[in-house]
Every structure is written in C-alpha cells, then in structure tokens.
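What's in start_33.txt: compact mmCIF, C-alpha atoms and all ligand atoms
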# COMPACT_ATOMS: atom_id res chain seq x y z
CA MET A 1 76.00 109.74 118.17
CA LEU A 2 78.79 111.12 115.99
CA LYS A 3 77.37 109.21 113.05
CA GLU A 4 74.02 110.95 113.48
CA ASN A 5 75.69 114.34 113.89
CA LEU A 6 77.66 113.82 110.72
CA GLU A 7 74.55 112.71 108.84
CA GLN A 8 72.74 115.82 110.02
CA VAL A 9 75.57 118.09 108.90
CA GLU A 10 75.72 116.29 105.57
CA GLN A 11 71.97 116.77 105.06
CA ASN A 12 72.29 120.46 105.89
CA ILE A 13 75.12 120.87 103.41
CA GLU A 14 73.05 119.19 100.71
CA LYS A 15 70.11 121.42 101.54
CA ALA A 16 72.21 124.57 101.34
CA CYS A 17 73.81 123.47 98.06
CA LYS A 18 70.41 122.80 96.59
CA LYS A 19 69.06 126.15 97.73
CA ALA A 20 72.03 127.92 96.16
CA GLY A 21 71.87 125.90 92.95
CA ARG A 22 75.30 124.45 93.60
CA ALA A 23 76.53 120.88 93.23
CA ARG A 24 77.28 119.02 96.44
CA ASP A 25 80.83 118.29 95.32
CA GLU A 26 81.63 122.00 95.20
CA VAL A 27 81.77 122.01 99.01
CA THR A 28 84.28 120.15 101.17
CA LEU A 29 83.38 119.41 104.76
CA ILE A 30 86.31 119.75 107.13
CA ALA A 31 85.74 118.02 110.47
CA VAL A 32 87.35 120.26 113.08
CA SER A 33 88.64 117.80 115.64
CA LYS A 34 90.64 120.08 117.95
CA THR A 35 90.66 118.94 121.61
CA LYS A 36 88.88 115.71 120.64
CA PRO A 37 90.39 112.26 121.29
CA ILE A 38 91.61 110.01 118.49
CA GLY A 39 88.76 107.56 119.08
CA MET A 40 86.27 110.18 117.98
CA LEU A 41 88.30 111.01 114.89
CA ARG A 42 88.38 107.31 113.99
CA GLU A 43 84.62 107.11 114.28
CA ILE A 44 84.17 109.95 111.82
CA TYR A 45 86.88 108.53 109.58
CA ASP A 46 85.00 105.24 109.46
CA GLU A 47 81.93 107.15 108.30
CA GLY A 48 83.93 108.36 105.32
CA CYS A 49 85.32 111.69 106.50
CA ARG A 50 88.76 112.38 104.97
CA ASN A 51 89.26 116.07 105.77
CA PHE A 52 90.21 117.06 109.30
CA GLY A 53 91.07 120.47 110.73
CA GLU A 54 93.24 121.29 113.74
CA ASN A 55 94.32 124.62 115.18
CA LYS A 56 97.44 123.72 117.14
CA VAL A 57 100.69 122.49 115.62
CA GLN A 58 101.54 119.90 118.23
CA GLU A 59 98.07 118.38 118.35
CA LEU A 60 97.94 118.33 114.56
CA CYS A 61 101.29 116.49 114.32
CA GLU A 62 100.32 113.94 116.96
CA LYS A 63 97.01 113.15 115.32
CA MET A 64 98.59 112.93 111.87
CA GLU A 65 100.92 110.23 113.17
CA GLU A 66 98.13 108.19 114.67
CA MET A 67 95.49 108.44 111.98
CA PRO A 68 95.39 106.73 108.55
CA LYS A 69 97.51 108.29 105.84
CA ASP A 70 94.77 109.07 103.33
CA ILE A 71 93.46 111.98 105.40
CA ARG A 72 93.82 115.56 104.20
CA TRP A 73 94.85 117.67 107.18
CA HIS A 74 94.02 121.35 107.42
CA MET A 75 95.87 123.77 109.66
CA ILE A 76 93.16 126.28 110.53
CA GLY A 77 94.58 128.02 113.61
CA HIS A 78 96.90 130.93 114.13
CA LEU A 79 100.41 129.85 113.21
CA GLN A 80 103.56 131.15 114.88
CA ARG A 81 106.61 131.47 112.68
CA ASN A 82 108.79 129.35 114.96
CA LYS A 83 106.39 126.42 114.54
CA VAL A 84 106.16 126.50 110.76
CA LYS A 85 109.04 124.03 110.41
CA TYR A 86 107.02 121.31 112.12
CA ILE A 87 104.18 121.32 109.64
CA VAL A 88 105.84 122.12 106.33
CA GLY A 89 106.71 118.98 104.41
CA ASN A 90 105.01 116.56 106.78
CA GLY A 91 101.91 116.15 104.66
CA VAL A 92 99.63 118.98 105.76
CA SER A 93 97.31 119.63 102.81
CA LEU A 94 96.44 123.25 103.33
CA ILE A 95 97.32 126.06 105.72
CA HIS A 96 94.22 128.25 106.06
CA SER A 97 95.58 130.91 108.36
CA VAL A 98 98.26 132.97 106.61
CA ASP A 99 97.75 136.61 107.47
CA SER A 100 101.16 138.23 107.09
CA TYR A 101 104.00 138.37 104.63
CA ARG A 102 106.49 137.37 107.32
CA LEU A 103 104.59 134.16 108.02
CA ALA A 104 104.34 133.34 104.30
CA GLU A 105 108.05 134.05 103.98
CA GLU A 106 108.87 131.56 106.74
CA ILE A 107 106.63 128.94 105.11
CA ASN A 108 108.50 129.57 101.87
CA ILE A 109 111.91 129.14 103.54
CA GLN A 110 110.92 125.86 105.13
CA ALA A 111 109.21 124.64 101.96
CA LYS A 112 112.35 125.36 99.95
CA LYS A 113 114.47 123.39 102.40
CA LYS A 114 112.21 120.40 101.98
CA ASN A 115 111.68 120.93 98.28
CA VAL A 116 107.88 121.11 98.49
CA ILE A 117 105.26 123.62 97.42
CA ILE A 118 102.79 124.54 100.13
CA PRO A 119 99.20 125.49 99.32
CA ILE A 120 97.86 128.24 101.58
CA LEU A 121 94.86 130.47 102.07
CA VAL A 122 95.05 134.11 103.08
CA GLU A 123 93.04 134.75 106.23
CA VAL A 124 90.91 137.87 106.07
CA ASN A 125 89.36 139.52 109.12
CA ILE A 126 86.25 140.37 107.19
CA ALA A 127 84.34 141.97 110.07
CA MET A 128 87.45 143.78 111.35
CA GLU A 129 87.07 142.31 114.82
CA GLU A 130 89.77 143.34 117.29
CA SER A 131 89.92 139.86 118.77
CA LYS A 132 90.60 138.07 115.52
CA PHE A 133 93.63 137.38 113.40
CA GLY A 134 93.55 138.00 109.68
CA ILE A 135 94.46 140.78 107.31
CA SER A 136 91.99 143.60 106.75
CA PRO A 137 90.03 143.37 103.50
CA GLU A 138 91.64 146.62 102.33
CA ASP A 139 95.14 145.20 102.69
CA ALA A 140 94.37 141.73 101.34
CA ILE A 141 95.13 142.42 97.68
CA VAL A 142 98.57 143.86 98.39
CA LEU A 143 99.38 140.93 100.67
CA VAL A 144 98.30 138.45 97.99
CA GLU A 145 100.50 140.21 95.44
CA GLN A 146 103.49 140.07 97.77
CA ILE A 147 103.03 136.42 98.72
CA ALA A 148 102.56 135.50 95.05
CA GLU A 149 106.26 136.26 94.54
CA LEU A 150 107.30 133.46 96.91
CA GLU A 151 108.32 130.44 94.86
CA ASN A 152 107.36 127.61 97.20
CA VAL A 153 104.03 128.95 98.42
CA ARG A 154 100.80 128.83 96.40
CA ILE A 155 97.78 130.90 97.27
CA LYS A 156 94.61 128.89 96.63
CA GLY A 157 92.04 131.26 98.03
CA LEU A 158 90.78 133.05 101.11
CA MET A 159 89.65 132.05 104.58
CA THR A 160 87.66 133.93 107.18
CA ILE A 161 86.29 133.40 110.66
CA ALA A 162 83.02 135.29 110.82
CA PRO A 163 81.81 136.86 114.07
CA TYR A 164 80.12 134.68 116.65
CA VAL A 165 76.41 135.33 116.21
CA VAL A 166 73.20 133.71 117.38
CA ASP A 167 71.44 134.27 114.06
CA ALA A 168 73.58 133.07 111.13
CA GLU A 169 71.83 135.55 108.84
CA GLU A 170 73.83 138.30 110.50
CA ASN A 171 76.94 136.91 108.84
CA ARG A 172 75.52 136.72 105.34
CA LEU A 173 76.78 140.19 104.57
CA TYR A 174 80.33 139.27 105.61
CA PHE A 175 80.31 136.08 103.58
CA ARG A 176 79.10 138.05 100.58
CA LYS A 177 81.81 140.61 101.12
CA ILE A 178 84.66 138.11 101.19
CA LYS A 179 83.24 136.24 98.19
CA GLN A 180 83.32 139.53 96.29
CA LEU A 181 86.88 140.13 97.47
CA SER A 182 87.93 136.72 96.16
CA VAL A 183 86.28 137.46 92.81
CA ASP A 184 88.06 140.83 92.64
CA ILE A 185 91.43 139.23 93.41
CA GLY A 186 90.76 136.44 90.92
CA ASN A 187 90.02 139.01 88.23
CA LYS A 188 93.49 140.46 88.65
CA ASN A 189 94.96 137.26 87.20
CA ILE A 190 98.01 137.38 89.45
CA ASP A 191 100.63 134.78 88.54
CA ASN A 192 100.62 131.74 90.83
CA VAL A 193 97.42 132.83 92.56
CA SER A 194 94.11 131.04 92.34
CA MET A 195 90.90 131.89 94.15
CA GLU A 196 89.32 128.45 93.81
CA ILE A 197 88.95 127.95 97.57
CA LEU A 198 86.80 129.98 99.94
CA SER A 199 87.01 128.60 103.47
CA MET A 200 84.19 130.02 105.57
CA GLY A 201 81.34 128.84 107.74
CA MET A 202 81.41 127.02 111.09
CA THR A 203 78.79 125.14 113.10
CA GLY A 204 76.61 128.21 113.60
CA ASP A 205 76.59 129.51 110.06
CA TYR A 206 77.88 127.03 107.50
CA MET A 207 74.60 126.82 105.61
CA VAL A 208 74.55 130.56 105.02
CA ALA A 209 78.25 130.41 104.09
CA ILE A 210 77.51 127.76 101.45
CA GLU A 211 74.68 129.84 100.04
CA GLU A 212 77.18 132.68 99.67
CA GLY A 213 79.86 130.62 97.97
CA ALA A 214 81.93 128.71 100.54
CA THR A 215 83.89 125.83 99.03
CA MET A 216 85.17 124.61 102.41
CA VAL A 217 83.20 124.64 105.65
CA ARG A 218 84.91 123.96 108.98
CA VAL A 219 82.56 122.21 111.38
CA GLY A 220 83.61 121.19 114.89
CA THR A 221 80.83 121.34 117.46
CA GLY A 222 78.18 120.23 114.97
CA ILE A 223 80.01 116.92 114.52
CA PHE A 224 81.93 116.27 117.73
CA GLY A 225 79.80 118.15 120.27
CA GLU A 226 80.92 120.94 122.58
CA ARG A 227 84.61 121.23 123.35
CA ASN A 228 85.65 120.71 126.95
CA TYR A 229 87.72 123.76 127.64
CA PRO A 230 86.76 127.19 128.84
CA LYS A 231 86.15 129.59 125.95
CA GLN A 232 88.91 132.21 125.85
C1 LIG B 1 87.25 125.72 116.17
C2 LIG B 1 87.23 126.27 114.81
C3 LIG B 1 86.19 125.93 113.91
C4 LIG B 1 85.00 125.07 114.28
O1 LIG B 1 84.14 125.76 115.12
P1 LIG B 1 82.71 125.16 115.52
O2 LIG B 1 81.91 126.35 115.88
O3 LIG B 1 82.94 124.22 116.65
O4 LIG B 1 82.18 124.48 114.32
C5 LIG B 1 86.27 126.45 112.62
N1 LIG B 1 87.28 127.24 112.23
C6 LIG B 1 88.29 127.58 113.05
C7 LIG B 1 89.37 128.43 112.55
C8 LIG B 1 88.29 127.11 114.36
O5 LIG B 1 89.30 127.45 115.17
I'd like the structure from this file rewritten - as structure tokens, please.
Ligand SMILES: *Cc1c(COP(=O)(O)O)cnc(C)c1O
Amino acid sequence: MLKENLEQVEQNIEKACKKAGRARDEVTLIAVSKTKPIGMLREIYDEGCRNFGENKVQELCEKMEEMPKDIRWHMIGHLQRNKVKYIVGNGVSLIHSVDSYRLAEEINIQAKKKNVIIPILVEVNIAMEESKFGISPEDAIVLVEQIAELENVRIKGLMTIAPYVVDAEENRLYFRKIKQLSVDIGNKNIDNVSMEILSMGMTGDYMVAIEEGATMVRVGTGIFGERNYPKQ
C-alpha cells in the first residue's frame, strides 16, 4: 500500500513540475514519518526514498539510529533550545524550523562545540496564524541578517506551514508571498545566506506549492496514511 501511495505522490509531483515548467529534480520529496513505526520507514526506504522528516527530537534520534546511514534527516518540528544539543552534530541534514535568534544562537553554540556547520531554514508564519510557530514575514529579513552573523549556522532558505485548508488553491497566495519574500531576501546578497531552498507544501497542498516554487515538499499522510493520535 505504501508503495502505491508513494507512486501516486511521485506522479503528482511530476505533474506539478510539468505544469510549472520545472524540472523534476528541482523538488525534493521529504517523507514525513512522525509517529510511524520503523517497518513503514523501511518500506519507503526500499522504494528509494532517502529524505525523511520528523518533528520530535527523541523520535528523530531513535529512528536515525535504526535506519540506514545514507538517509538525509530533516528536523521539521518546533525545536526547544534545551534539546538542540541532541541533534547538532549527529548527522541531521537540515533544521527547517528556526524562528528566533535565541534558537539559532543555541544551534551555533552546540555546532561550535562539535566543530560542524549546521544548515537551517528560517520558519515564516506566512499567514500569521496564532496557533503556528514561525517569524512574521515583516520580521524575517532582520532575523535572517542577525542569524547570518553566526559562524556555525548557514541559512539555506525559508520554510512555512500553510494554513489547513480543504481547497489547496486557498494557499496559493501564501506560497506566492513566501516565494517573493525569499527572492527579496536573496536579492540582498547577505553574506553566508542562500535562498536556494523553499520548504513548503504538505499532503493537502504540495502540488500548488510546487507550482509556486517549492523546492522541498513535506508529505506525511499522503505516503504513510493518517496518523494515529488525536489532532491537537
Ligand atoms: C506533520 C507535518 C507535515 C506532514 O503533514 P501531512 O499533512 O501529513 O502531509 C509537514 N510539515 C510539518 C512541519 C509537519 O509537522
């Protein structure tokens, strides 16, 4: 079943790339495996998936230990400063959810200790939803400029979690807005900052996100099925 799900998602990604006149290799599919058992991750791995996303530090670390070493792991969930030390220097590829200077500063401290440079994305709350983490679009540029000063952290782009909607078209505007923001920041040519990555789009709206410029889509339910915990 997972194989079919993955094939379906892959076809949709290809379709969206084609529609947008983009090459398929401009978009990375991240399989969001939070709450799912290792057996399911293995199944997807065997189908060729090498990018996995988790939103909790402990679960991420446990799964990293158990799974093959050629996987690129993405930390996509809200990160507390006291947990940063567990994921810096252990092979996490990208932290998507940096939304404050204090968090970036802690990542920098831990990265220095371990003599590594950590690629991150700045999370933007593009729709300004109360319930969501992320910096406001207005404050994003200043935050990027501040984080750019930190020696062991590298900003690679922006990430957003769009509102939950029934019709993905409703999010097109937000995706367009954050794409524009990333272009604006890129045009500032800030030292040590690149805007090559735009992480946006989930099961409900990843095709629209790709049409609007996503370079990473984070798909959970569409691959693994519904998660078995009450929605908070
Ligand atoms: C859970 C999660 C996803 C995947 O959501 P689905 O709707 O299941 O595809 C993507 N991004 C983040 C940050 C998440 O926490």
Determine, counting only C-alpha atoms, which protein, DNA and RNA residues have an atom within 6 Å of an atom of segment 176-179 of chain A; residues of the same chain fewer than 3 positions away are not included. Present the result as a list in words.
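Counting only C-alpha atoms, the residues come to Leu173, Ser182 and Glu212 of chain A.
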Record the distance separating atom CA of Met202 of chain A and atom CA of Ala16 of chain A, expressed in Å with one decimal.
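About the pair atom CA of Met202 of chain A and atom CA of Ala16 of chain A: they are 13.6 Å apart.
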Computed interatomic separation between atom CA of Gly134 of chain A and atom CA of Glu196 of chain A (Å)
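Calculated distance between atom CA of Gly134 of chain A and atom CA of Glu196 of chain A is 19.0 Å.
Put simply, atom CA of Met40 of chain A is 19.3 Å away from atom C7 of ligand LIG 1 (chain B).
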Show me, as a Markdown table, the residues of chain A having an atom within 9 Å of ligand LIG 1 (chain B), each with the closest atom pair and its distance in Å, using all atoms listed in the file.
| residue | atom | partner | partner_atom | distance |
| --- | --- | --- | --- | --- |
| A:Ile30 | CA | B:LIG1 | C5 | 8.7 |
| A:Ala31 | CA | B:LIG1 | C4 | 8.0 |
| A:Val32 | CA | B:LIG1 | C4 | 5.5 |
| A:Ser33 | CA | B:LIG1 | C1 | 8.1 |
| A:Lys34 | CA | B:LIG1 | C1 | 6.8 |
| A:Gly53 | CA | B:LIG1 | C5 | 7.9 |
| A:Glu54 | CA | B:LIG1 | O5 | 7.5 |
| A:Asn55 | CA | B:LIG1 | O5 | 5.8 |
| A:Met75 | CA | B:LIG1 | C7 | 8.5 |
| A:Ile76 | CA | B:LIG1 | C7 | 4.8 |
| A:Gly77 | CA | B:LIG1 | C7 | 5.3 |
| A:His78 | CA | B:LIG1 | C7 | 8.1 |
| A:His96 | CA | B:LIG1 | C7 | 8.1 |
| A:Ser97 | CA | B:LIG1 | C7 | 7.9 |
| A:Met159 | CA | B:LIG1 | C7 | 8.8 |
| A:Thr160 | CA | B:LIG1 | C7 | 7.9 |
| A:Ile161 | CA | B:LIG1 | C7 | 6.1 |
| A:Tyr164 | CA | B:LIG1 | O2 | 8.6 |
| A:Ser199 | CA | B:LIG1 | N1 | 8.9 |
| A:Met200 | CA | B:LIG1 | N1 | 7.9 |
| A:Gly201 | CA | B:LIG1 | C5 | 7.3 |
| A:Met202 | CA | B:LIG1 | O4 | 4.2 |
| A:Thr203 | CA | B:LIG1 | O4 | 3.7 |
| A:Gly204 | CA | B:LIG1 | O2 | 6.1 |
| A:Asp205 | CA | B:LIG1 | O2 | 8.5 |
| A:Tyr206 | CA | B:LIG1 | O4 | 8.5 |
| A:Val217 | CA | B:LIG1 | C5 | 7.8 |
| A:Arg218 | CA | B:LIG1 | C5 | 4.6 |
| A:Val219 | CA | B:LIG1 | O4 | 3.7 |
| A:Gly220 | CA | B:LIG1 | O3 | 3.6 |
| A:Thr221 | CA | B:LIG1 | O3 | 3.7 |
| A:Gly222 | CA | B:LIG1 | O4 | 5.9 |
| A:Ile223 | CA | B:LIG1 | O4 | 7.9 |
| A:Phe224 | CA | B:LIG1 | O3 | 8.1 |
| A:Gly225 | CA | B:LIG1 | O3 | 7.7 |
| A:Glu226 | CA | B:LIG1 | O3 | 7.1 |
| A:Arg227 | CA | B:LIG1 | O3 | 7.5 |
Mind checking which residues fall within 6 Å of Asn152 of chain A, counting only C-alpha atoms, ignoring those fewer than 4 positions away in the same chain, and posting them as number ranges by chain?
A: 108, 111, 117
Residues as selected, C-alpha atoms, written as a CSV table (one decimal), keeping the file's coordinate frame, can you do that?
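Output below, filename again35.csv:
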chain,number,residue,atom,x,y,z
A,108,ASN,CA,108.5,129.6,101.9
A,111,ALA,CA,109.2,124.6,102.0
A,117,ILE,CA,105.3,123.6,97.4
Go through A:Glu169, A:Ile135, A:Leu2, A:Met216 and flag the residue nearest Asn51 of chain A, using only C-alpha atoms for the distances.
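Of A:Glu169, A:Ile135, A:Leu2, A:Met216, the one nearest Asn51 of chain A, counting only C-alpha atoms, is A:Met216.
Closest approach to Ile197 of chain A among A:Gly39, A:Arg24, A:Glu106, A:Gly157: A:Gly157, based on all atoms listed in the file.
Nearest to Gln80 of chain A of all the residues A:Phe133, A:Glu26, A:Thr35, A:Ile44 is A:Phe133, based on only C-alpha atoms.
Those residues that approach Ile120 of chain A to within 7 Å, counting only C-alpha atoms, are A:Leu94, A:Ile95, A:His96, A:Val98, A:Val153, A:Arg154, A:Ile155, A:Lys156; same-chain residues fewer than 4 positions away are not listed.
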Selected residue, from A:Tyr174, A:Asp184, A:Lys36, A:Leu103, that lies nearest to Asn228 of chain A when counting only C-alpha atoms
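With only C-alpha atoms as the atom set, the closest residue is A:Lys36.
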For Arg42 of chain A: contacts at 10 Å, all atoms listed in the file, fewer than 5 positions along chain excluded, given as number ranges by chain
A: 37, 47-49, 66-68
Let me have the centre and edge lengths in Å, one decimal, of the box along x, y and z around every listed atom of segment 179-187 of chain A with 3 Å of margin on each side, as lines of an AutoDock Vina configuration file.
center_x = 87.3
center_y = 138.5
center_z = 93.2
size_x = 14.2
size_y = 10.6
size_z = 16.0
Please fill the gaps in segment 89-100 of chain A so it has all heavy atoms, and write that as a PDB file, keeping the file's coordinate frame.
ATOM      1  N   GLY A  89     106.040 120.172 104.920  1.00  0.00           N
ATOM      2  CA  GLY A  89     106.710 118.980 104.410  1.00  0.00           C
ATOM      3  C   GLY A  89     106.327 117.705 105.132  1.00  0.00           C
ATOM      4  O   GLY A  89     106.859 116.646 104.856  1.00  0.00           O
ATOM      5  N   ASN A  90     105.414 117.797 106.078  1.00  0.00           N
ATOM      6  CA  ASN A  90     105.010 116.560 106.780  1.00  0.00           C
ATOM      7  C   ASN A  90     103.644 116.073 106.302  1.00  0.00           C
ATOM      8  O   ASN A  90     103.038 115.204 106.909  1.00  0.00           O
ATOM      9  CB  ASN A  90     105.007 116.765 108.298  1.00  0.00           C
ATOM     10  CG  ASN A  90     103.827 117.603 108.772  1.00  0.00           C
ATOM     11  OD1 ASN A  90     103.158 118.231 107.963  1.00  0.00           O
ATOM     12  ND2 ASN A  90     103.584 117.613 110.059  1.00  0.00           N
ATOM     13  N   GLY A  91     103.144 116.655 105.232  1.00  0.00           N
ATOM     14  CA  GLY A  91     101.910 116.150 104.660  1.00  0.00           C
ATOM     15  C   GLY A  91     100.662 116.970 104.927  1.00  0.00           C
ATOM     16  O   GLY A  91      99.575 116.570 104.541  1.00  0.00           O
ATOM     17  N   VAL A  92     100.809 118.120 105.581  1.00  0.00           N
ATOM     18  CA  VAL A  92      99.630 118.980 105.760  1.00  0.00           C
ATOM     19  C   VAL A  92      99.155 119.442 104.379  1.00  0.00           C
ATOM     20  O   VAL A  92      99.948 119.858 103.546  1.00  0.00           O
ATOM     21  CB  VAL A  92      99.970 120.206 106.643  1.00  0.00           C
ATOM     22  CG1 VAL A  92      98.871 121.240 106.594  1.00  0.00           C
ATOM     23  CG2 VAL A  92     100.205 119.758 108.081  1.00  0.00           C
ATOM     24  N   SER A  93      97.843 119.334 104.140  1.00  0.00           N
ATOM     25  CA  SER A  93      97.310 119.630 102.810  1.00  0.00           C
ATOM     26  C   SER A  93      97.184 121.112 102.531  1.00  0.00           C
ATOM     27  O   SER A  93      97.379 121.560 101.407  1.00  0.00           O
ATOM     28  CB  SER A  93      95.897 119.076 102.648  1.00  0.00           C
ATOM     29  OG  SER A  93      95.892 117.736 102.763  1.00  0.00           O
ATOM     30  N   LEU A  94      96.763 121.840 103.565  1.00  0.00           N
ATOM     31  CA  LEU A  94      96.440 123.250 103.330  1.00  0.00           C
ATOM     32  C   LEU A  94      96.569 124.024 104.634  1.00  0.00           C
ATOM     33  O   LEU A  94      96.044 123.596 105.670  1.00  0.00           O
ATOM     34  CB  LEU A  94      95.002 123.349 102.784  1.00  0.00           C
ATOM     35  CG  LEU A  94      94.479 124.713 102.362  1.00  0.00           C
ATOM     36  CD1 LEU A  94      95.289 125.287 101.202  1.00  0.00           C
ATOM     37  CD2 LEU A  94      92.999 124.621 101.952  1.00  0.00           C
ATOM     38  N   ILE A  95      97.256 125.160 104.561  1.00  0.00           N
ATOM     39  CA  ILE A  95      97.320 126.060 105.720  1.00  0.00           C
ATOM     40  C   ILE A  95      96.330 127.200 105.449  1.00  0.00           C
ATOM     41  O   ILE A  95      96.485 127.950 104.486  1.00  0.00           O
ATOM     42  CB  ILE A  95      98.755 126.608 105.907  1.00  0.00           C
ATOM     43  CG1 ILE A  95      99.742 125.451 106.111  1.00  0.00           C
ATOM     44  CG2 ILE A  95      98.797 127.588 107.081  1.00  0.00           C
ATOM     45  CD1 ILE A  95     101.212 125.880 106.171  1.00  0.00           C
ATOM     46  N   HIS A  96      95.307 127.286 106.301  1.00  0.00           N
ATOM     47  CA  HIS A  96      94.220 128.250 106.060  1.00  0.00           C
ATOM     48  C   HIS A  96      94.497 129.644 106.614  1.00  0.00           C
ATOM     49  O   HIS A  96      93.742 130.555 106.342  1.00  0.00           O
ATOM     50  CB  HIS A  96      92.922 127.769 106.732  1.00  0.00           C
ATOM     51  CG  HIS A  96      92.291 126.568 106.115  1.00  0.00           C
ATOM     52  ND1 HIS A  96      90.953 126.525 105.771  1.00  0.00           N
ATOM     53  CD2 HIS A  96      92.796 125.360 105.776  1.00  0.00           C
ATOM     54  CE1 HIS A  96      90.665 125.334 105.269  1.00  0.00           C
ATOM     55  NE2 HIS A  96      91.763 124.598 105.269  1.00  0.00           N
ATOM     56  N   SER A  97      95.509 129.744 107.468  1.00  0.00           N
ATOM     57  CA  SER A  97      95.580 130.910 108.360  1.00  0.00           C
ATOM     58  C   SER A  97      96.807 131.783 108.131  1.00  0.00           C
ATOM     59  O   SER A  97      97.464 132.183 109.074  1.00  0.00           O
ATOM     60  CB  SER A  97      95.565 130.404 109.792  1.00  0.00           C
ATOM     61  OG  SER A  97      96.421 129.250 109.910  1.00  0.00           O
ATOM     62  N   VAL A  98      97.112 132.097 106.887  1.00  0.00           N
ATOM     63  CA  VAL A  98      98.260 132.970 106.610  1.00  0.00           C
ATOM     64  C   VAL A  98      97.774 134.404 106.516  1.00  0.00           C
ATOM     65  O   VAL A  98      96.958 134.733 105.666  1.00  0.00           O
ATOM     66  CB  VAL A  98      98.975 132.544 105.313  1.00  0.00           C
ATOM     67  CG1 VAL A  98     100.137 133.484 105.018  1.00  0.00           C
ATOM     68  CG2 VAL A  98      99.462 131.097 105.421  1.00  0.00           C
ATOM     69  N   ASP A  99      98.263 135.233 107.442  1.00  0.00           N
ATOM     70  CA  ASP A  99      97.750 136.610 107.470  1.00  0.00           C
ATOM     71  C   ASP A  99      98.854 137.658 107.472  1.00  0.00           C
ATOM     72  O   ASP A  99      98.596 138.826 107.742  1.00  0.00           O
ATOM     73  CB  ASP A  99      96.801 136.816 108.653  1.00  0.00           C
ATOM     74  CG  ASP A  99      97.500 136.629 109.984  1.00  0.00           C
ATOM     75  OD1 ASP A  99      98.683 136.247 109.989  1.00  0.00           O
ATOM     76  OD2 ASP A  99      96.855 136.879 111.015  1.00  0.00           O
ATOM     77  N   SER A 100     100.095 137.233 107.194  1.00  0.00           N
ATOM     78  CA  SER A 100     101.160 138.230 107.090  1.00  0.00           C
ATOM     79  C   SER A 100     102.207 137.752 106.096  1.00  0.00           C
ATOM     80  O   SER A 100     102.356 136.544 105.849  1.00  0.00           O
ATOM     81  CB  SER A 100     101.820 138.470 108.449  1.00  0.00           C
ATOM     82  OG  SER A 100     102.622 137.355 108.797  1.00  0.00           O
TER      83      SER A 100
END
